[in-house]
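In what follows, a single structure is set out as structure tokens and then discussed.
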Amino acid sequence: MQTTWPGFLPLGHRTGCKTMAKKKATKPLVRPGMTPKEIVRTLRDLDGVMITCTGMRDAGQSDYKNRHRIYDLATLAPYYEEMNLFSSECHGGARWHVGIMNRRESPFKEIEILRELMPSVQLQTLIRETNLWGYRPYPKNVIEYVVERVDIDVWRCFSFLNDIRNMRTVAEVVMKRGRLFQPAISFTQADWTTNEYYLSCVHDIVDLCGGVDEIVLCIKDMAGVGSPKRISSLVDAIKQAYPDLVVQYHRHATDGLALPALLAAAQAGAKVVDAQEDSLTRFYGQPPILAVQAYFEESGIKVHLNRDAAEKAVQKVRDWIGHYEWAESPFKGFDHMVTSHKMPGGAFPSSFEQAEKGGFLHLMPSILKVMSLYNKIVKYFDVTPGSQITWVTCSGIVNRYAKEHGETGVQHIIRILSKFVEEKGQDMSKMTKAEQKELLGLFSTAPGDFKNLLLGGYGKLPMGWPDEWVYKSAFGDEWKEKLKERKDLSPLDSLDEDDLERIRKELEEHLGRTPTDEEFVLYLMHPKDALQMFDFVEKYGEAPLVLPTNVWREGLKKPGDKVEFDLLGKPYCIELVSVGKEHEGQIHVVMRVNNKTRVYKIDTPRAKKVEIRMAKAPNEIGAPISGNVWRIGNPRRGTIKVGDIVHKGEEIANLEAMKMENPVLAPFDAQIQEICVKLNDSVQENQLLFVLKEQ
Amino acid sequence: MCSKNNNNIVPASRPACDIYEPVPIDTARLFAGRYRLHLKKIDSTNSFLLRNEKLLKVGGLVVTADAQTSGRGRKGRSWLNTGGQQLLASVVIHPRLEKGYLPSVTIMVGLAIYKALHSTGCRPLSMKWPNDILLNGKKVCGVLCELSTVDSQTAVVAGIGLNVTGSLEDLPNHLQEKASTLEAETGVVFDKEELLHEVLYQMEAVLTDAHEGKITNLYKEWERCSESIGKKVTFSHEGKQVAGEIAGLDHWGRLIVNISHSNLPKALVAEEVQFV
């Protein structure tokens with residue numbers, strides 16, 4: 001991890017960069033190294049707007065689960081160097097965590113690579129005030145330690161509660177370092193998010209940052225819900241109150257109205273807008289950059305963007321975007337209903353991925369509906385970590401009802417919630433006794449983060465604390481006690497400092513050596529995933545950075561397939577010659593590495609013959625006959641999943657042999673702990689089908 | 001025995017209070033056609049039996065219906081109302097066979113229906129494993145057997161759907177080449193009651209043979225009647241399309257297929273075969 005750049009990218013990337021650099025005539029209007037004052041002055045005097053390109057971060061997060069590898073993104077850097085961008089958002093948000101967890105790329109390495117390839121472009125991150133790039137509030141000393149060590153030019157910082165107090169430490173460190181602090185107000189469209197409300201947030205920001213001369217204010221429309229008129233009115237109100245404040249508008253395209261809303265913001269005085277390569281655009285990221293430029297200029301607003309280089313970047317994306325089709329959301333198309341459920345663009349793919357993996361994709365419409373009602377009961381902004389709290393809480397409620405009562409149960413709770421929120425004005429006394437009881441059970445199994453939120457663990461809620469019944473529901477009999485623990489302080493003032501030396505020792509023990517500062521920062525953010533990544537890097541070295549995406553994902557498939565790459569400045573070629581037959585759990589693979597033939601022995605634990613498990617204990621349900629599992633569940637409640645509650649005598653699967661159907665019944669009331677077969681599996685008599693836990 | 005829940009289910013010939021009172025037909029029998037219960041309209045005769053445990057205890061009971069509102073076929077598929085008359089019946093069979101032979105009851109039911117139709121003069125008849133009855137190569141009868149256990153008594157509910165009258169035009173286009181009715185293929189309008197009694201008679205005979213240790217003979221008879229030995233088939237196995245040739249039935253009634261380009265024959269339990 002300490003090895004320094006250059007040397008890790010394939011030749012193509014680097015030569016591309018050098019030729020572009022030679023041709024370059026003008027530097028971008030804003031560059032790394034400029035003071036925040038100079039940047040702000042440049043923008044104020046600008047005739048027109050500049051663009052933050054989100055192609056390297058938010059585009060990937062919103063439509064491709066953050067799976068875009070630096071290997072591919074780096075191919076765009078030479079064009080970015082030419083495009084005259086305000087900044088490249090290439091860092092932060094969930095890209096950090098997914099990099100550690102899935103792509104096995106260090107965010108520090110990414111910065112290093114991009115600095116080399118596009119030295120004149122401001123690198124921008126997205127940071128979640130006290131939650132930094134993680135999902136919980138960190139104490140002040142962790143924030144200081146981390147923010148001081150990340151080499152980023154533009155720091156966009158938002159609070160899901162618009163609790164400006166929480167931005168203090170990040171603002172202090174960034175401004176002290178002479179980097180540009182970009183406070184963001186989280187935007188949504190609701191009856192309570194008025195201009196007055198936002199002006200009070202902006203006022204707090206201006207106070208915190210000592211005026212308007214060293215910051216750029218961002219309006220963060222993370223779900224893509226701001227109508228053109230609404231945005232125009234908001235930007236106008238801010239500009240009237242603070243004429244010298246530079247405003248940037250960040251918006252997702254989810255509702256389908258991104259382009260007119262962006263124009264409305266610019267016409268009202270915004271100086272920077274966010275866009276991404278047209279060829280990266282799907283549904284939930286930012287609007288297409290070339291279209292933005294064309295539309296703005298037709299409307300009389302100059303866009304400072306080198307069109308030629310931008311077109312080349314758009315074209316370059318097409319070289320590799322096909323490798324990421326698998327990562328695109330299963331939920332396709334714009335969704336104007338986002339204006340009620342408010343799921344942020346950045347959370348779309350991951351939520352649908354979870355729903356798909358968890359087998360509850362079919363419940364998504366119900367979950368979105370519950371979300372739209374929930375966000376009228378507990379008011380905050382659906383953006384990290386708030387969006388995760390909303391998602392886990394609401395998907396939990398819907399899944400619980402689905403498990404216990406099936407589809408009808410889900411419809412039942414939606415009916416009660418709708419009545420409570422939409423018809424009865426959230427007046428508990430207007431609900432029947434039975435409905436009251438149901439509502440009081442609503443948050444009984446809510447996640448710890450939700451409870452922490454209610455107790456002020458993240459800061460103050462923007463519209464005050466929710467009604468008492470929410471506390472009764474979440475905390476049961478202890479609710480009054482818990483209410484006394486509720487804090488109005490910012491976590492910055494309420495959290496005890498972490499013992500950094502102790503944590504560093506902990507990491508040292510895991511690694512068996514002194515960790516670098518960067519490794520320590522990664523560990524501070526995501527301890528478990530960082531350790532896994534360190535192990536991975538220990539074993540596979542720079543493979544995540546040098547292998548082409550198809551090989552990274554699928555390997556070499558058939559004899560004759562080969563891959564070429566540069567490692568530590570040296571070219572490599574690996575060709576698959578043959579894969580031997582499996583013998584006692586091992587196979588021999590023959591590879592040609594730089595023209596030398598080598599044989600590798602590979603263990604294949606999964607290739608070993610699978611042992612068939614038989615039902616032995618009373619809670620293990622075996623197949624009544626040899627046959628084919630053609631149904632898991634029953635027609636009344638549909639498919640049964642792990643965690644579902646089943647009742648004595650209820651059919652939980654059906655086997656067919658020679659057109660003879662055999663129901664498998666639950667022998668007692670139970671929860672399904674394990675389902676040991678898949679649909680359409682052929683099973684032997686008494687082969688283990690389910691493991692149950694008696695209720 | 002009054003039930004208010006089943007408004008739609010009105011027995012044909014008895015007052016509403018007696019709905020679940022089966023009428024004796026031939027109590028000297030052992031397996032099929034000891035008692036009968038006739039319903040005008042029901043969701044499915046199989047479903048009806050499976051939710052009435054008391055009736056499942058009556059071995060040899062046959063439940064018939066004039067109409068089914070949601071008849072079921074294999075693996076949850078629906079059984080189509082052809083528009084014409086159908087013989088819709090479910091028989092409660094209490095087999096006393098070794099457990100491994102239970103699935104082959106479906107083969108025996110199919111064979112019995114074959115023999116019943118044969119005796120009424122329908123030609124040319126054949127069968128597709130395990131128990132589709134084909135007339136002129138088109139399916140005229142489907143069988144769905146379901147297993148249930150009540151108080152440790154195993155009951156096979158054998159549901160029969162036999163297309164008696166109606167012309168091809170009554171069938172959906174996509175089925176006209178695959179399915180048919182007795183009337184459309186023979187020009188004869190058969191009497192449903194007579195067909196029912198013939199089917200029950202043959203079923204009793206076949207099942208009696210099975211219980212007297214003549215299962216192997218029954219398999220031989222099935223192989224001959226089905227005219228399927230040597231026929232080329234395809235089926236899907238673990239997601240792959242496999243081709244082969246039918247060799248016959250094994251000891252348990254499974255279909256043995258000699259797989260093309262392979263030395264190992266395959267015994268089919270739950271696959272669906274298609275004739276090529």
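Ligands are numbered from 1 in the order shown, residues from 1 within each chain, and chains are lettered A, B, ... in the order they appear in the structure tokens.
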Worksheet entry | Neighbour list for Gly256 in chain A as a PyMOL selection string, cut-off 8 Å, only C-alpha atoms, skip fewer than 2 positions in-chain | chain A and resi 253-254+258+283+334-336
Using N, CA and C atoms, can you write the selected residues to a file as a short mmCIF file (atom, residue, chain, number, x, y, z; two decimals), in the first residue's frame?
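Contents of out-v2.cif, as written:
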data_model
loop_
_atom_site.label_atom_id
_atom_site.label_comp_id
_atom_site.auth_asym_id
_atom_site.auth_seq_id
_atom_site.Cartn_x
_atom_site.Cartn_y
_atom_site.Cartn_z
N ALA A 253 -31.55 12.36 -11.32
CA ALA A 253 -32.48 12.47 -12.44
C ALA A 253 -33.73 11.63 -12.24
N THR A 254 -33.87 11.02 -11.07
CA THR A 254 -34.89 9.99 -10.84
C THR A 254 -36.30 10.36 -11.32
N ALA A 258 -34.67 16.36 -14.45
CA ALA A 258 -33.39 16.94 -14.07
C ALA A 258 -32.99 18.14 -14.93
N PHE A 283 -30.82 6.12 -14.91
CA PHE A 283 -32.03 6.75 -14.37
C PHE A 283 -31.83 7.50 -13.07
N PHE A 334 -37.28 5.84 -15.20
CA PHE A 334 -37.49 6.96 -14.28
C PHE A 334 -38.68 6.65 -13.38
N ASP A 335 -38.73 7.35 -12.27
CA ASP A 335 -39.78 7.03 -11.30
C ASP A 335 -40.24 8.33 -10.66
N HIS A 336 -41.27 8.93 -11.23
CA HIS A 336 -41.71 10.20 -10.66
C HIS A 336 -42.32 10.01 -9.28
#
Item to complete: Specify as an MDAnalysis selection string all residues of chain B found within 6 Å of chain A, counting only C-alpha atoms.
Response: chainID B and resid 103 130 145:147 269:270
Item to complete: Find the residues around Gln274 in chain B up to 12 Å (only C-alpha atoms counted), leave out those fewer than 6 positions away in its own chain, and share them as a count of residues only.
Response: 18
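Proximity to Val206 in chain B was assessed for B:Leu218, B:Leu97, B:Leu168, B:Ile42 counting only C-alpha atoms; the smallest distance is recorded for B:Leu218.
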Item to complete: Would you mind writing down, as a PyMOL selection string, each residue of range 500-661 of chain A that DSSP on the backbone assigns to strand (DSSP E or B)?
Response: chain A and resi 562-567+570-579+583+586-593+596-603+614+620-622+627-634+638-639+645-646+651-657+660-661
For the selection just defined, write its residues with C-alpha atoms to a file, as an mmCIF file, in the first residue's frame.
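Resulting contents of selection21.cif:
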data_model
loop_
_atom_site.group_PDB
_atom_site.id
_atom_site.type_symbol
_atom_site.label_atom_id
_atom_site.label_comp_id
_atom_site.auth_asym_id
_atom_site.auth_seq_id
_atom_site.Cartn_x
_atom_site.Cartn_y
_atom_site.Cartn_z
ATOM 1 C CA LYS A 562 -5.059 -14.500 -22.146
ATOM 2 C CA VAL A 563 -4.626 -11.235 -20.336
ATOM 3 C CA GLU A 564 -1.964 -8.587 -20.622
ATOM 4 C CA PHE A 565 -1.204 -6.011 -17.971
ATOM 5 C CA ASP A 566 1.530 -3.881 -16.446
ATOM 6 C CA LEU A 567 2.728 -4.558 -12.944
ATOM 7 C CA LYS A 570 6.838 -4.463 -16.206
ATOM 8 C CA PRO A 571 4.526 -5.938 -18.842
ATOM 9 C CA TYR A 572 2.937 -9.309 -18.136
ATOM 10 C CA CYS A 573 1.020 -11.785 -20.213
ATOM 11 C CA ILE A 574 -0.844 -14.713 -18.715
ATOM 12 C CA GLU A 575 -2.446 -17.341 -20.911
ATOM 13 C CA LEU A 576 -4.593 -20.232 -19.805
ATOM 14 C CA VAL A 577 -3.273 -23.411 -21.449
ATOM 15 C CA SER A 578 -5.406 -26.116 -19.893
ATOM 16 C CA VAL A 579 -7.488 -27.048 -16.894
ATOM 17 C CA HIS A 583 -8.894 -35.530 -8.707
ATOM 18 C CA GLN A 586 -7.489 -30.886 -6.680
ATOM 19 C CA ILE A 587 -7.100 -29.786 -10.241
ATOM 20 C CA HIS A 588 -4.008 -28.920 -12.195
ATOM 21 C CA VAL A 589 -4.076 -25.702 -14.143
ATOM 22 C CA VAL A 590 -1.471 -25.007 -16.779
ATOM 23 C CA MET A 591 -0.719 -21.346 -17.481
ATOM 24 C CA ARG A 592 1.807 -19.598 -19.653
ATOM 25 C CA VAL A 593 3.182 -16.618 -17.764
ATOM 26 C CA LYS A 596 7.067 -19.674 -19.406
ATOM 27 C CA THR A 597 4.744 -22.616 -18.856
ATOM 28 C CA ARG A 598 3.814 -23.282 -15.272
ATOM 29 C CA VAL A 599 1.572 -25.781 -13.565
ATOM 30 C CA TYR A 600 -0.526 -24.752 -10.581
ATOM 31 C CA LYS A 601 -2.299 -27.092 -8.188
ATOM 32 C CA ILE A 602 -5.636 -25.717 -7.116
ATOM 33 C CA ASP A 603 -7.819 -27.008 -4.302
ATOM 34 C CA MET A 614 -30.506 -36.648 5.695
ATOM 35 C CA GLU A 620 -35.384 -31.672 10.592
ATOM 36 C CA ILE A 621 -37.937 -32.304 7.904
ATOM 37 C CA GLY A 622 -37.078 -34.980 5.378
ATOM 38 C CA GLY A 627 -39.108 -36.852 -6.125
ATOM 39 C CA ASN A 628 -38.879 -33.360 -7.395
ATOM 40 C CA VAL A 629 -39.349 -30.300 -5.211
ATOM 41 C CA TRP A 630 -41.731 -28.342 -7.374
ATOM 42 C CA ARG A 631 -43.064 -25.967 -4.769
ATOM 43 C CA ILE A 632 -41.588 -24.473 -1.622
ATOM 44 C CA GLY A 633 -44.455 -22.897 0.267
ATOM 45 C CA ASN A 634 -48.112 -23.218 -0.594
ATOM 46 C CA GLY A 638 -46.682 -18.152 -1.755
ATOM 47 C CA THR A 639 -43.034 -19.046 -1.392
ATOM 48 C CA ILE A 645 -43.261 -18.509 10.702
ATOM 49 C CA VAL A 646 -45.273 -21.595 9.738
ATOM 50 C CA GLU A 651 -48.002 -27.188 3.726
ATOM 51 C CA ILE A 652 -44.403 -26.001 3.430
ATOM 52 C CA ALA A 653 -43.340 -27.782 0.273
ATOM 53 C CA ASN A 654 -44.672 -30.191 -2.297
ATOM 54 C CA LEU A 655 -42.806 -33.034 -3.955
ATOM 55 C CA GLU A 656 -43.800 -34.748 -7.118
ATOM 56 C CA ALA A 657 -42.917 -38.210 -8.247
ATOM 57 C CA MET A 660 -48.074 -38.011 -7.597
ATOM 58 C CA GLU A 661 -47.967 -34.897 -5.482
#
Worksheet entry | 7 Å contact set for Gly161 in chain B, only C-alpha atoms, chain neighbours under 3 positions out, as a PyMOL selection string | chain B and resi 86-89+141-143
Discussion item. Using only C-alpha atoms, which protein or nucleic acid residues come within 12 Å of range 358-367 of chain A? Drop anything in the same chain fewer than 4 positions from it, and give the result as number ranges by chain.
Written reply: A: 329-331, 335, 337-338, 341-343, 348, 350-354, 371-374, 390-403, 406-415, 417-418, 638-643
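Nearest to Arg31 in chain A of all the residues A:Asp382, A:Asp308, A:Glu481, A:Asp153 is A:Asp153, counting only C-alpha atoms.
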Discussion item. According to DSSP computed on the backbone, where in range 255-450 of chain A is there helix (DSSP H, G or I)? Give the residues as a PyMOL selection string.
Written reply: chain A and resi 258-267+278-280+289-298+307-327+338-341+345-357+361-377+386-423+428-430+433-440+448-450
Do you know which residues are at most 12 Å from Leu453 in chain A counting only C-alpha atoms, after dropping those on the same chain fewer than 5 positions away, and could you put them as a compact mmCIF listing (two decimals) with C-alpha atoms, in the first residue's frame?
# COMPACT_ATOMS: atom_id res chain seq x y z
CA ARG A 136 -22.34 6.07 12.44
CA PRO A 137 -21.30 9.29 14.14
CA PHE A 160 -29.12 14.11 6.77
CA LEU A 161 -30.68 16.15 9.55
CA VAL A 378 -40.41 10.70 11.50
CA LYS A 379 -39.14 13.72 9.61
CA TYR A 380 -35.58 13.91 8.33
CA PRO A 385 -27.26 7.41 7.03
CA GLY A 386 -30.92 8.49 7.19
CA GLN A 388 -30.35 3.42 5.44
CA ILE A 389 -32.35 3.90 8.63
CA THR A 390 -35.51 4.48 6.59
CA THR A 393 -36.89 0.16 9.26
CA ALA A 446 -36.95 -1.49 14.50
CA PRO A 447 -33.16 -1.48 14.12
CA GLY A 448 -30.85 -0.02 16.77
CA TYR A 458 -27.19 11.65 15.33
CA GLY A 459 -28.21 15.17 16.35
CA LYS A 460 -31.45 17.12 16.33
CA LEU A 461 -34.21 16.18 13.93
CA PRO A 462 -34.96 19.06 11.54
CA GLY A 464 -38.41 18.31 16.08
CA TRP A 465 -38.86 14.93 17.70
CA PRO A 466 -41.62 12.55 16.60
CA VAL A 470 -43.33 6.43 18.25
CA TYR A 471 -41.26 6.17 21.42
CA ALA A 474 -39.90 1.60 19.74
CA LEU A 483 -37.07 9.67 26.65
CA GLU A 485 -31.87 9.93 27.82
CA ARG A 486 -32.70 11.86 24.66
CA LYS A 487 -30.06 14.44 23.78
CA ASP A 488 -30.38 17.70 21.89
CA SER A 490 -24.61 17.42 18.41
CA PRO A 491 -22.71 14.11 18.53
Fill in: Ile51 in chain A environment, 6 Å, only C-alpha atoms, sequence neighbours closer than 4 positions dropped, as a list in words
Leu85, Phe86, Val272, Val273 and Asp274 of chain A
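The shortest atom-to-atom distance to Ile160 in chain B, with only C-alpha atoms taken into account, belongs to B:Gly71 out of B:Gly71, B:Gly239, B:Gly248, B:Pro124.
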Worksheet entry | Coordinates-based distance that separates CA of Glu194 in chain B from CA of Gly83 in chain B (Å, one decimal) | 20.3 Å
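For the pair CA of Val199 in chain B and CA of Ile256 in chain B, the separation is 27.3 Å.
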